[in-house]
>>> print(open('run.txt').read())   # compact mmCIF, C-alpha atoms
# COMPACT_ATOMS: atom_id res chain seq x y z
CA PHE Y 25 -8.28 25.44 -1.63
CA ARG Y 26 -10.80 22.70 -0.79
CA VAL Y 27 -11.45 22.07 -4.49
CA PHE Y 28 -7.72 21.89 -5.18
CA TRP Y 29 -7.25 19.47 -2.28
CA LYS Y 30 -10.13 17.24 -3.44
CA CYS Y 31 -8.59 17.09 -6.90
CA TRP Y 32 -5.22 16.27 -5.35
CA ILE Y 33 -6.50 13.39 -3.20
CA ALA Y 34 -8.56 12.08 -6.13
CA LEU Y 35 -5.43 12.17 -8.31
CA ASN Y 36 -3.45 10.31 -5.63
CA PHE Y 37 -6.16 7.64 -5.48
CA ALA Y 38 -6.57 7.31 -9.26
CA LEU Y 39 -2.84 7.18 -9.94
CA GLY Y 40 -2.28 4.52 -7.30
CA LEU Y 41 -5.21 2.48 -8.56
CA VAL Y 42 -3.94 2.49 -12.13
CA ILE Y 43 -0.39 1.57 -11.09
CA LEU Y 44 -1.41 -1.16 -8.66
CA TYR Y 45 -4.37 -2.51 -10.63
CA PRO Y 46 -2.44 -5.38 -12.33
CA VAL Y 47 -1.09 -6.54 -8.95
CA PHE Y 48 -4.50 -6.32 -7.29
CA TYR Y 49 -6.06 -8.15 -10.25
CA LEU Y 50 -3.68 -11.07 -9.77
CA LEU Y 51 -4.01 -11.18 -5.98
CA LEU Y 52 -7.80 -10.86 -5.98
CA SER Y 53 -8.27 -13.57 -8.60
CA ASN Y 54 -7.43 -16.20 -5.97
CA PRO Y 55 -8.96 -16.25 -2.45
CA ARG Y 56 -5.70 -17.66 -1.10
CA HIS Y 57 -4.08 -14.28 -1.81
CA TYR Y 58 -6.75 -12.05 -0.25
CA ARG Y 59 -4.61 -11.38 2.81
CA LYS Y 60 -1.74 -10.26 0.60
CA ALA Y 61 -4.14 -7.93 -1.20
CA PHE Y 62 -5.24 -6.59 2.19
CA ARG Y 63 -1.65 -5.82 3.18
CA LEU Y 64 -1.13 -4.02 -0.12
CA MET Y 65 -4.33 -2.06 0.50
CA ARG Y 66 -2.90 -0.90 3.84
CA VAL Y 67 0.33 0.27 2.21
CA TRP Y 68 -1.64 2.09 -0.48
CA ALA Y 69 -3.88 3.71 2.16
CA HIS Y 70 -0.81 5.05 3.98
CA VAL Y 71 0.56 6.50 0.75
CA ILE Y 72 -2.74 8.25 -0.03
CA ALA Y 73 -3.05 9.62 3.51
CA TRP Y 74 0.52 10.87 3.80
CA GLY Y 75 0.48 12.28 0.28
CA SER Y 76 -2.74 14.18 1.05
CA GLY Y 77 -1.73 15.48 4.46
CA ILE Y 78 -4.05 13.23 6.50
CA PHE Y 79 -2.62 12.10 9.84
CA VAL Y 80 -4.43 9.74 12.19
CA VAL Y 81 -4.61 10.14 15.96
CA ARG Y 82 -6.01 6.96 17.46
CA LYS Y 83 -7.24 6.51 21.00
CA GLY Y 84 -8.67 3.58 22.89
CA ASN Y 85 -8.16 -0.13 22.37
CA GLY Y 86 -4.95 -0.81 20.50
CA ASN Y 87 -4.34 -4.43 21.42
CA PHE Y 88 -4.66 -6.19 18.07
CA LYS Y 89 -1.86 -8.70 18.61
CA ASP Y 90 -3.11 -12.27 18.54
CA SER Y 91 -6.72 -11.06 18.55
CA GLY Y 92 -9.22 -13.22 16.70
CA PRO Y 93 -12.04 -12.30 14.33
CA ALA Y 94 -14.41 -9.51 15.33
CA VAL Y 95 -17.19 -7.38 13.88
CA TYR Y 96 -16.16 -3.74 13.74
CA ILE Y 97 -19.05 -1.27 14.07
CA ALA Y 98 -18.43 2.31 12.91
CA ASN Y 99 -20.24 5.52 12.13
CA HIS Y 100 -20.07 6.59 8.47
CA HIS Y 101 -19.99 10.29 7.65
CA SER Y 102 -17.24 10.58 5.03
CA TYR Y 103 -15.65 8.70 2.16
CA LEU Y 104 -12.43 8.92 4.16
CA ASP Y 105 -13.80 6.38 6.66
CA ILE Y 106 -12.86 3.44 4.44
CA LEU Y 107 -9.34 4.74 3.90
CA ILE Y 108 -8.79 5.39 7.62
CA ALA Y 109 -10.11 1.94 8.54
CA TYR Y 110 -7.16 0.39 6.71
CA LEU Y 111 -4.76 2.63 8.63
CA ILE Y 112 -6.00 1.82 12.12
CA ILE Y 113 -6.70 -1.93 11.94
CA PRO Y 114 -3.72 -4.12 11.07
CA ASN Y 115 -5.58 -7.44 11.25
CA TYR Y 116 -7.23 -8.80 8.12
CA PHE Y 117 -10.83 -7.70 7.69
CA ILE Y 118 -13.41 -7.40 4.94
CA PHE Y 119 -15.94 -4.68 4.27
CA ILE Y 120 -19.64 -5.15 3.68
CA GLY Y 121 -20.70 -2.41 1.28
CA LYS Y 122 -23.60 -1.25 -0.84
CA ARG Y 123 -24.32 -3.03 -4.13
CA GLU Y 124 -23.94 0.27 -6.04
CA ILE Y 125 -20.15 0.03 -5.66
CA GLN Y 126 -20.08 -2.66 -8.34
CA ASN Y 127 -20.72 0.09 -10.92
CA ALA Y 128 -17.53 2.01 -10.00
CA PRO Y 129 -14.91 1.58 -12.75
CA LEU Y 130 -11.76 -0.31 -11.65
CA PHE Y 131 -12.53 0.20 -7.95
CA ASN Y 132 -15.22 -2.48 -8.11
CA ILE Y 133 -12.48 -5.12 -8.36
CA PHE Y 134 -12.16 -5.00 -4.57
CA PHE Y 135 -15.81 -6.04 -4.14
CA LYS Y 136 -15.93 -8.87 -6.64
CA GLY Y 137 -14.42 -11.35 -4.23
CA MET Y 138 -12.52 -10.16 -1.18
CA ASN Y 139 -15.19 -7.82 0.16
CA ILE Y 140 -18.96 -8.35 0.16
CA LEU Y 141 -21.63 -6.30 -1.58
CA VAL Y 142 -25.26 -6.27 -0.50
CA ASP Y 143 -28.49 -4.77 -1.81
CA ARG Y 144 -30.04 -3.54 1.43
CA GLN Y 145 -33.45 -3.33 -0.24
CA SER Y 146 -33.46 -7.06 -0.97
CA ASN Y 147 -34.08 -9.48 1.89
CA PHE Y 148 -32.71 -12.34 -0.20
CA ASP Y 149 -29.51 -10.46 -1.04
CA SER Y 150 -29.07 -9.34 2.56
CA HIS Y 151 -29.46 -12.93 3.79
CA LYS Y 152 -26.97 -14.15 1.18
CA ALA Y 153 -24.42 -11.55 2.30
CA PHE Y 154 -25.08 -12.47 5.94
CA ILE Y 155 -24.32 -16.15 5.23
CA GLU Y 156 -21.18 -15.29 3.28
CA ALA Y 157 -19.91 -12.98 6.03
CA GLY Y 158 -20.45 -15.74 8.59
CA ARG Y 159 -18.41 -18.13 6.47
CA ARG Y 160 -15.55 -15.60 6.26
CA ILE Y 161 -15.61 -15.08 10.02
CA ARG Y 162 -15.31 -18.83 10.57
CA GLU Y 163 -12.31 -18.78 8.23
CA GLY Y 164 -10.63 -16.19 10.45
CA ALA Y 165 -11.54 -12.84 8.88
CA SER Y 166 -12.99 -9.88 10.74
CA VAL Y 167 -15.86 -7.89 9.26
CA PHE Y 168 -16.14 -4.09 9.11
CA ILE Y 169 -19.67 -2.68 8.87
CA PHE Y 170 -21.28 0.75 8.85
CA PRO Y 171 -24.61 -0.12 10.53
CA GLU Y 172 -26.22 3.22 9.65
CA GLY Y 173 -26.53 1.80 6.15
CA GLY Y 174 -24.46 4.42 4.35
CA ILE Y 175 -23.53 8.08 4.63
CA LYS Y 176 -26.69 9.75 5.92
CA ASN Y 177 -25.59 13.37 6.34
CA LYS Y 178 -22.57 15.67 6.35
CA SER Y 179 -22.82 17.08 9.87
CA GLY Y 180 -21.51 14.15 11.91
CA LYS Y 181 -24.90 13.26 13.41
CA LEU Y 182 -25.37 9.59 14.21
CA PHE Y 183 -28.37 7.82 12.69
CA PRO Y 184 -30.08 4.63 13.99
CA PHE Y 185 -28.23 1.35 13.53
CA LYS Y 186 -29.58 -1.63 11.63
CA ILE Y 187 -29.60 -4.91 13.53
CA GLY Y 188 -27.83 -7.21 11.02
CA ALA Y 189 -24.25 -6.58 12.14
CA PHE Y 190 -25.09 -7.40 15.74
CA ARG Y 191 -26.88 -10.61 14.82
CA MET Y 192 -23.87 -11.58 12.73
CA ALA Y 193 -21.51 -11.16 15.69
CA LEU Y 194 -23.91 -12.98 18.03
CA GLU Y 195 -24.47 -15.99 15.78
CA ASN Y 196 -20.74 -16.40 15.12
CA GLY Y 197 -19.70 -15.83 18.73
CA VAL Y 198 -17.24 -13.03 17.98
CA PRO Y 199 -16.92 -9.68 19.80
CA LEU Y 200 -18.21 -6.35 18.57
CA ILE Y 201 -15.71 -3.51 18.47
CA PRO Y 202 -17.17 0.02 18.21
CA VAL Y 203 -15.13 2.48 16.15
CA THR Y 204 -15.78 6.23 16.19
CA PHE Y 205 -14.59 8.42 13.33
CA CYS Y 206 -14.76 11.74 15.15
CA ASN Y 207 -14.05 14.29 12.45
CA ASN Y 208 -13.64 12.67 9.04
CA PHE Y 209 -16.73 14.59 7.92
CA LYS Y 210 -14.64 17.75 8.36
CA ARG Y 211 -11.65 16.38 6.49
CA LEU Y 212 -13.79 15.30 3.51
CA GLN Y 213 -17.42 16.29 3.75
CA THR Y 214 -20.07 14.78 1.49
CA GLY Y 215 -22.11 17.05 -0.72
CA SER Y 216 -21.22 19.60 -3.39
CA PHE Y 217 -17.76 19.18 -4.89
CA LEU Y 218 -17.31 22.95 -4.91
CA MET Y 219 -18.92 23.86 -1.59
CA ALA Y 220 -18.53 20.92 0.82
CA ASP Y 221 -15.72 21.27 3.35
CA ALA Y 222 -12.45 19.45 2.78
CA GLY Y 223 -8.82 19.77 3.69
CA PRO Y 224 -5.78 18.08 5.19
CA GLY Y 225 -5.30 17.65 8.92
CA ILE Y 226 -5.74 15.20 11.77
CA SER Y 227 -8.27 12.38 11.59
CA ARG Y 228 -9.32 11.46 15.12
CA VAL Y 229 -10.45 7.90 15.77
CA ILE Y 230 -11.54 6.13 18.95
CA ILE Y 231 -11.50 2.33 19.07
CA GLY Y 232 -13.64 0.94 21.87
CA ASN Y 233 -13.03 -2.16 23.93
CA PRO Y 234 -14.42 -5.43 22.54
CA VAL Y 235 -18.04 -6.15 23.49
CA PRO Y 236 -18.32 -9.93 24.02
CA THR Y 237 -21.20 -11.89 22.52
CA GLU Y 238 -20.37 -15.33 23.97
CA GLY Y 239 -23.17 -16.53 26.20
CA LYS Y 240 -25.56 -13.97 24.73
CA THR Y 241 -28.87 -14.88 23.09
CA GLU Y 242 -31.36 -13.34 20.70
CA LYS Y 243 -32.80 -11.47 23.67
CA ASP Y 244 -29.54 -9.55 24.01
CA LEU Y 245 -29.46 -8.22 20.44
CA LEU Y 246 -31.09 -4.90 21.28
CA SER Y 247 -28.83 -4.27 24.26
CA LEU Y 248 -25.75 -5.03 22.15
CA LYS Y 249 -26.89 -2.61 19.48
CA ASN Y 250 -27.76 0.09 22.02
CA HIS Y 251 -24.42 -0.32 23.80
CA CYS Y 252 -22.41 0.24 20.61
CA PHE Y 253 -24.66 3.09 19.46
CA GLN Y 254 -24.42 4.89 22.80
CA GLU Y 255 -20.65 4.54 22.96
CA ILE Y 256 -20.13 6.00 19.48
CA GLU Y 257 -22.73 8.71 20.12
CA LYS Y 258 -20.99 9.65 23.39
CA ASN Y 259 -17.62 9.92 21.64
CA LEU Y 260 -19.08 12.14 18.92
CA LYS Y 261 -20.81 14.34 21.50
CA ASN Y 262 -17.61 14.74 23.51
CA TYR Y 263 -15.71 15.69 20.35
CA HIS Y 264 -18.28 18.29 19.29
CA GLU Y 265 -18.41 19.82 22.78
CA ALA Y 266 -14.64 19.93 23.24
>>> encode(input="run.txt", output="structure tokens")
Amino acid sequence: FRVFWKCWIALNFALGLVILYPVFYLLLSNPRHYRKAFRLMRVWAHVIAWGSGIFVVRKGNGNFKDSGPAVYIANHHSYLDILIAYLIIPNYFIFIGKREIQNAPLFNIFFKGMNILVDRQSNFDSHKAFIEAGRRIREGASVFIFPEGGIKNKSGKLFPFKIGAFRMALENGVPLIPVTFCNNFKRLQTGSFLMADAGPGISRVIIGNPVPTEGKTEKDLLSLKNHCFQEIEKNLKNYHEA
């Protein structure tokens, strides 16, 4: 069944991408239309989720009305995390992703302009992405980052966070918002296509309260990182022990 379901969700994604590609191509060719592309992404994400039997239960901070830019910090244990992010956050945001995504056929269109790609092994490329993200924040966009640096395992264990996302929030004076994807690794586990777990069901997400950075200095970077890490780790622990 898990293989059948993976094929089904992949078909849903591929079919939607082919149908919507001309519209996305037009919207993403002009930065003025990025927000329209974002809204279309949210609609598409809902279609994929509903069509694949994925239903989101969200807890925690839900006050997005009139909220300004923020840096969202989340654990990353499944490819579903990106899809679910579009379902739970209505305000315009951009992803910072790995440079390897640029090699994905068709899908790479989303990272040629609206979102930001970075080679984490290159200090120059990382600094360039950092500067670009800061510019987007000043223009009113939020940024969504997986500070573990990618999907590290398939068991839901949290790995150490990199410091860049927290410095970005600090230098731009915007709050950090921790996001916990509690069980996406069970809905769509990484690993073998034939053997890794997968299936429809409830995706549980906890959105933490904003962590302010105004008035903070470089000396507070570590405490900001530890605070977000500990909150997400606590949520994951509570889920596993429930």
>>> axis_aligned_box(input="run.txt", around="region 136-146 of chain Y", padding_each_side="6 Å", output="lines of an AutoDock Vina configuration file")
center_x = -23.0
center_y = -7.3
center_z = -2.6
size_x = 32.9
size_y = 20.0
size_z = 20.1
>>> residues_around(input="run.txt", residues="region 28-42 of chain Y", least_positions_apart="6", cutoff="12 Å", atoms="all atoms listed in the file", output="short mmCIF file (atom, residue, chain, number, x, y, z; two decimals) with C-alpha atoms, keeping the file's coordinate frame")
data_model
loop_
_atom_site.label_atom_id
_atom_site.label_comp_id
_atom_site.auth_asym_id
_atom_site.auth_seq_id
_atom_site.Cartn_x
_atom_site.Cartn_y
_atom_site.Cartn_z
CA PHE Y 48 -4.50 -6.32 -7.29
CA TYR Y 49 -6.06 -8.15 -10.25
CA LEU Y 64 -1.13 -4.02 -0.12
CA MET Y 65 -4.33 -2.06 0.50
CA VAL Y 67 0.33 0.27 2.21
CA TRP Y 68 -1.64 2.09 -0.48
CA ALA Y 69 -3.88 3.71 2.16
CA HIS Y 70 -0.81 5.05 3.98
CA VAL Y 71 0.56 6.50 0.75
CA ILE Y 72 -2.74 8.25 -0.03
CA ALA Y 73 -3.05 9.62 3.51
CA TRP Y 74 0.52 10.87 3.80
CA GLY Y 75 0.48 12.28 0.28
CA SER Y 76 -2.74 14.18 1.05
CA GLY Y 77 -1.73 15.48 4.46
CA ILE Y 78 -4.05 13.23 6.50
CA TYR Y 103 -15.65 8.70 2.16
CA LEU Y 104 -12.43 8.92 4.16
CA LEU Y 107 -9.34 4.74 3.90
CA PRO Y 129 -14.91 1.58 -12.75
CA LEU Y 130 -11.76 -0.31 -11.65
CA PHE Y 131 -12.53 0.20 -7.95
CA ASN Y 132 -15.22 -2.48 -8.11
CA ILE Y 133 -12.48 -5.12 -8.36
CA PHE Y 134 -12.16 -5.00 -4.57
CA ARG Y 211 -11.65 16.38 6.49
CA LEU Y 212 -13.79 15.30 3.51
CA GLN Y 213 -17.42 16.29 3.75
CA THR Y 214 -20.07 14.78 1.49
CA SER Y 216 -21.22 19.60 -3.39
CA PHE Y 217 -17.76 19.18 -4.89
CA LEU Y 218 -17.31 22.95 -4.91
CA MET Y 219 -18.92 23.86 -1.59
CA ALA Y 220 -18.53 20.92 0.82
CA ASP Y 221 -15.72 21.27 3.35
CA ALA Y 222 -12.45 19.45 2.78
CA GLY Y 223 -8.82 19.77 3.69
CA PRO Y 224 -5.78 18.08 5.19
CA GLY Y 225 -5.30 17.65 8.92
#
>>> residues_around(input="run.txt", residues="Lys181 (chain Y)", least_positions_apart="6", cutoff="12 Å", atoms="only C-alpha atoms", output="ChimeraX atom specification")
/Y:99-102,172,175,204-207,209,253,256-261,263-264
>>> atom_distance(input="run.txt", atom1="CA of Ile155 (chain Y)", atom2="CA of Arg63 (chain Y)")
25.0 Å
>>> closest_residue(input="run.txt", among="Y:Lys176, Y:Lys83, Y:Lys249, Y:Arg66", to="Ile108 (chain Y)", atoms="all atoms listed in the file")
Y:Arg66
>>> closest_residue(input="run.txt", among="Y:Ile118, Y:Ala157, Y:Val198, Y:Val203", to="Gln254 (chain Y)", atoms="all atoms listed in the file")
Y:Val203
>>> atom_distance(input="run.txt", atom1="CA of Tyr45 (chain Y)", atom2="CA of His57 (chain Y)")
14.7 Å
>>> atom_distance(input="run.txt", atom1="CA of Glu255 (chain Y)", atom2="CA of Ile226 (chain Y)")
21.5 Å
>>> closest_residue(input="run.txt", among="Y:Tyr116, Y:Ile169, Y:Val80, Y:Ala94", to="Ile187 (chain Y)", atoms="all atoms listed in the file")
Y:Ile169
>>> residues_around(input="run.txt", residues="Ile120 (chain Y)", least_positions_apart="6", cutoff="9 Å", atoms="all atoms listed in the file", output="list in words")
Phe135, Asn139, Ile140, Leu141, Val142, Ala153, Ala157, Val167, Phe168, Ile169 and Phe170 of chain Y
>>> write_last_selection(input="run.txt", atoms="C-alpha atoms", output="PDB file, in the coordinates of the input")
ATOM      1  CA  PHE Y 135     -15.810  -6.040  -4.140  1.00  0.00           C
ATOM      2  CA  ASN Y 139     -15.190  -7.820   0.160  1.00  0.00           C
ATOM      3  CA  ILE Y 140     -18.960  -8.350   0.160  1.00  0.00           C
ATOM      4  CA  LEU Y 141     -21.630  -6.300  -1.580  1.00  0.00           C
ATOM      5  CA  VAL Y 142     -25.260  -6.270  -0.500  1.00  0.00           C
ATOM      6  CA  ALA Y 153     -24.420 -11.550   2.300  1.00  0.00           C
ATOM      7  CA  ALA Y 157     -19.910 -12.980   6.030  1.00  0.00           C
ATOM      8  CA  VAL Y 167     -15.860  -7.890   9.260  1.00  0.00           C
ATOM      9  CA  PHE Y 168     -16.140  -4.090   9.110  1.00  0.00           C
ATOM     10  CA  ILE Y 169     -19.670  -2.680   8.870  1.00  0.00           C
ATOM     11  CA  PHE Y 170     -21.280   0.750   8.850  1.00  0.00           C
TER      12      PHE Y 170
END
>>> closest_residue(input="run.txt", among="Y:Gly121, Y:Glu163, Y:Gln145, Y:Ile97", to="Gly232 (chain Y)", atoms="only C-alpha atoms")
Y:Ile97
>>> closest_residue(input="run.txt", among="Y:Pro46, Y:Gly92, Y:Gly164, Y:Gly239", to="Arg59 (chain Y)", atoms="only C-alpha atoms")
Y:Gly164
>>> residues_around(input="run.txt", residues="Phe117 (chain Y)", least_positions_apart="2", cutoff="8 Å", atoms="all atoms listed in the file", output="list in words")
Phe62, Asn115, Phe119, Ala165, Ser166, Val167 and Phe168 of chain Y
>>> closest_residue(input="run.txt", among="Y:Gly158, Y:Gly215, Y:Asp105, Y:Leu44", to="Ala189 (chain Y)", atoms="only C-alpha atoms")
Y:Gly158
>>> build_atoms(input="run.txt", residues="region 215-234 of chain Y", atoms="N, CA, C and O atoms", output="CSV table (one decimal), in the frame of the given file")
chain,number,residue,atom,x,y,z
Y,215,GLY,N,-21.3,15.9,-0.2
Y,215,GLY,CA,-22.1,17.0,-0.7
Y,215,GLY,C,-21.5,17.6,-2.0
Y,215,GLY,O,-20.7,17.0,-2.7
Y,216,SER,N,-21.7,18.9,-2.2
Y,216,SER,CA,-21.2,19.6,-3.4
Y,216,SER,C,-19.7,19.5,-3.5
Y,216,SER,O,-19.0,19.8,-2.5
Y,217,PHE,N,-19.2,19.2,-4.7
Y,217,PHE,CA,-17.8,19.2,-4.9
Y,217,PHE,C,-17.1,20.5,-4.7
Y,217,PHE,O,-16.0,20.6,-4.1
Y,218,LEU,N,-17.8,21.6,-5.0
Y,218,LEU,CA,-17.3,23.0,-4.9
Y,218,LEU,C,-17.5,23.5,-3.5
Y,218,LEU,O,-16.6,24.3,-3.0
Y,219,MET,N,-18.6,23.2,-2.8
Y,219,MET,CA,-18.9,23.9,-1.6
Y,219,MET,C,-18.7,23.1,-0.3
Y,219,MET,O,-18.4,23.6,0.7
Y,220,ALA,N,-18.7,21.7,-0.4
Y,220,ALA,CA,-18.5,20.9,0.8
Y,220,ALA,C,-17.1,21.1,1.4
Y,220,ALA,O,-16.2,21.2,0.6
Y,221,ASP,N,-17.0,21.1,2.7
Y,221,ASP,CA,-15.7,21.3,3.4
Y,221,ASP,C,-14.8,20.1,3.0
Y,221,ASP,O,-15.2,19.0,2.9
Y,222,ALA,N,-13.5,20.5,3.0
Y,222,ALA,CA,-12.4,19.4,2.8
Y,222,ALA,C,-11.1,20.1,3.1
Y,222,ALA,O,-10.9,21.3,2.9
Y,223,GLY,N,-10.2,19.3,3.5
Y,223,GLY,CA,-8.8,19.8,3.7
Y,223,GLY,C,-8.0,18.8,4.5
Y,223,GLY,O,-8.5,17.9,5.2
Y,224,PRO,N,-6.7,18.9,4.4
Y,224,PRO,CA,-5.8,18.1,5.2
Y,224,PRO,C,-5.9,18.3,6.7
Y,224,PRO,O,-6.5,19.3,7.1
Y,225,GLY,N,-5.3,17.5,7.5
Y,225,GLY,CA,-5.3,17.6,8.9
Y,225,GLY,C,-5.3,16.3,9.6
Y,225,GLY,O,-5.0,15.3,9.1
Y,226,ILE,N,-5.7,16.4,10.9
Y,226,ILE,CA,-5.7,15.2,11.8
Y,226,ILE,C,-7.1,14.5,11.7
Y,226,ILE,O,-8.1,15.2,11.8
Y,227,SER,N,-7.1,13.2,11.5
Y,227,SER,CA,-8.3,12.4,11.6
Y,227,SER,C,-8.3,11.7,13.0
Y,227,SER,O,-7.4,10.9,13.3
Y,228,ARG,N,-9.3,12.0,13.8
Y,228,ARG,CA,-9.3,11.5,15.1
Y,228,ARG,C,-10.2,10.2,15.2
Y,228,ARG,O,-11.4,10.3,14.7
Y,229,VAL,N,-9.7,9.2,15.7
Y,229,VAL,CA,-10.4,7.9,15.8
Y,229,VAL,C,-10.4,7.3,17.2
Y,229,VAL,O,-9.3,7.4,17.8
Y,230,ILE,N,-11.5,6.8,17.7
Y,230,ILE,CA,-11.5,6.1,19.0
Y,230,ILE,C,-12.0,4.7,18.7
Y,230,ILE,O,-13.1,4.4,18.2
Y,231,ILE,N,-11.2,3.7,19.2
Y,231,ILE,CA,-11.5,2.3,19.1
Y,231,ILE,C,-11.9,1.8,20.5
Y,231,ILE,O,-11.1,1.9,21.4
Y,232,GLY,N,-13.1,1.4,20.6
Y,232,GLY,CA,-13.6,0.9,21.9
Y,232,GLY,C,-13.2,-0.5,22.2
Y,232,GLY,O,-12.6,-1.2,21.4
Y,233,ASN,N,-13.4,-0.8,23.5
Y,233,ASN,CA,-13.0,-2.2,23.9
Y,233,ASN,C,-14.0,-3.2,23.3
Y,233,ASN,O,-15.2,-2.9,23.1
Y,234,PRO,N,-13.5,-4.4,23.1
Y,234,PRO,CA,-14.4,-5.4,22.5
Y,234,PRO,C,-15.6,-5.7,23.4
Y,234,PRO,O,-15.5,-5.7,24.6
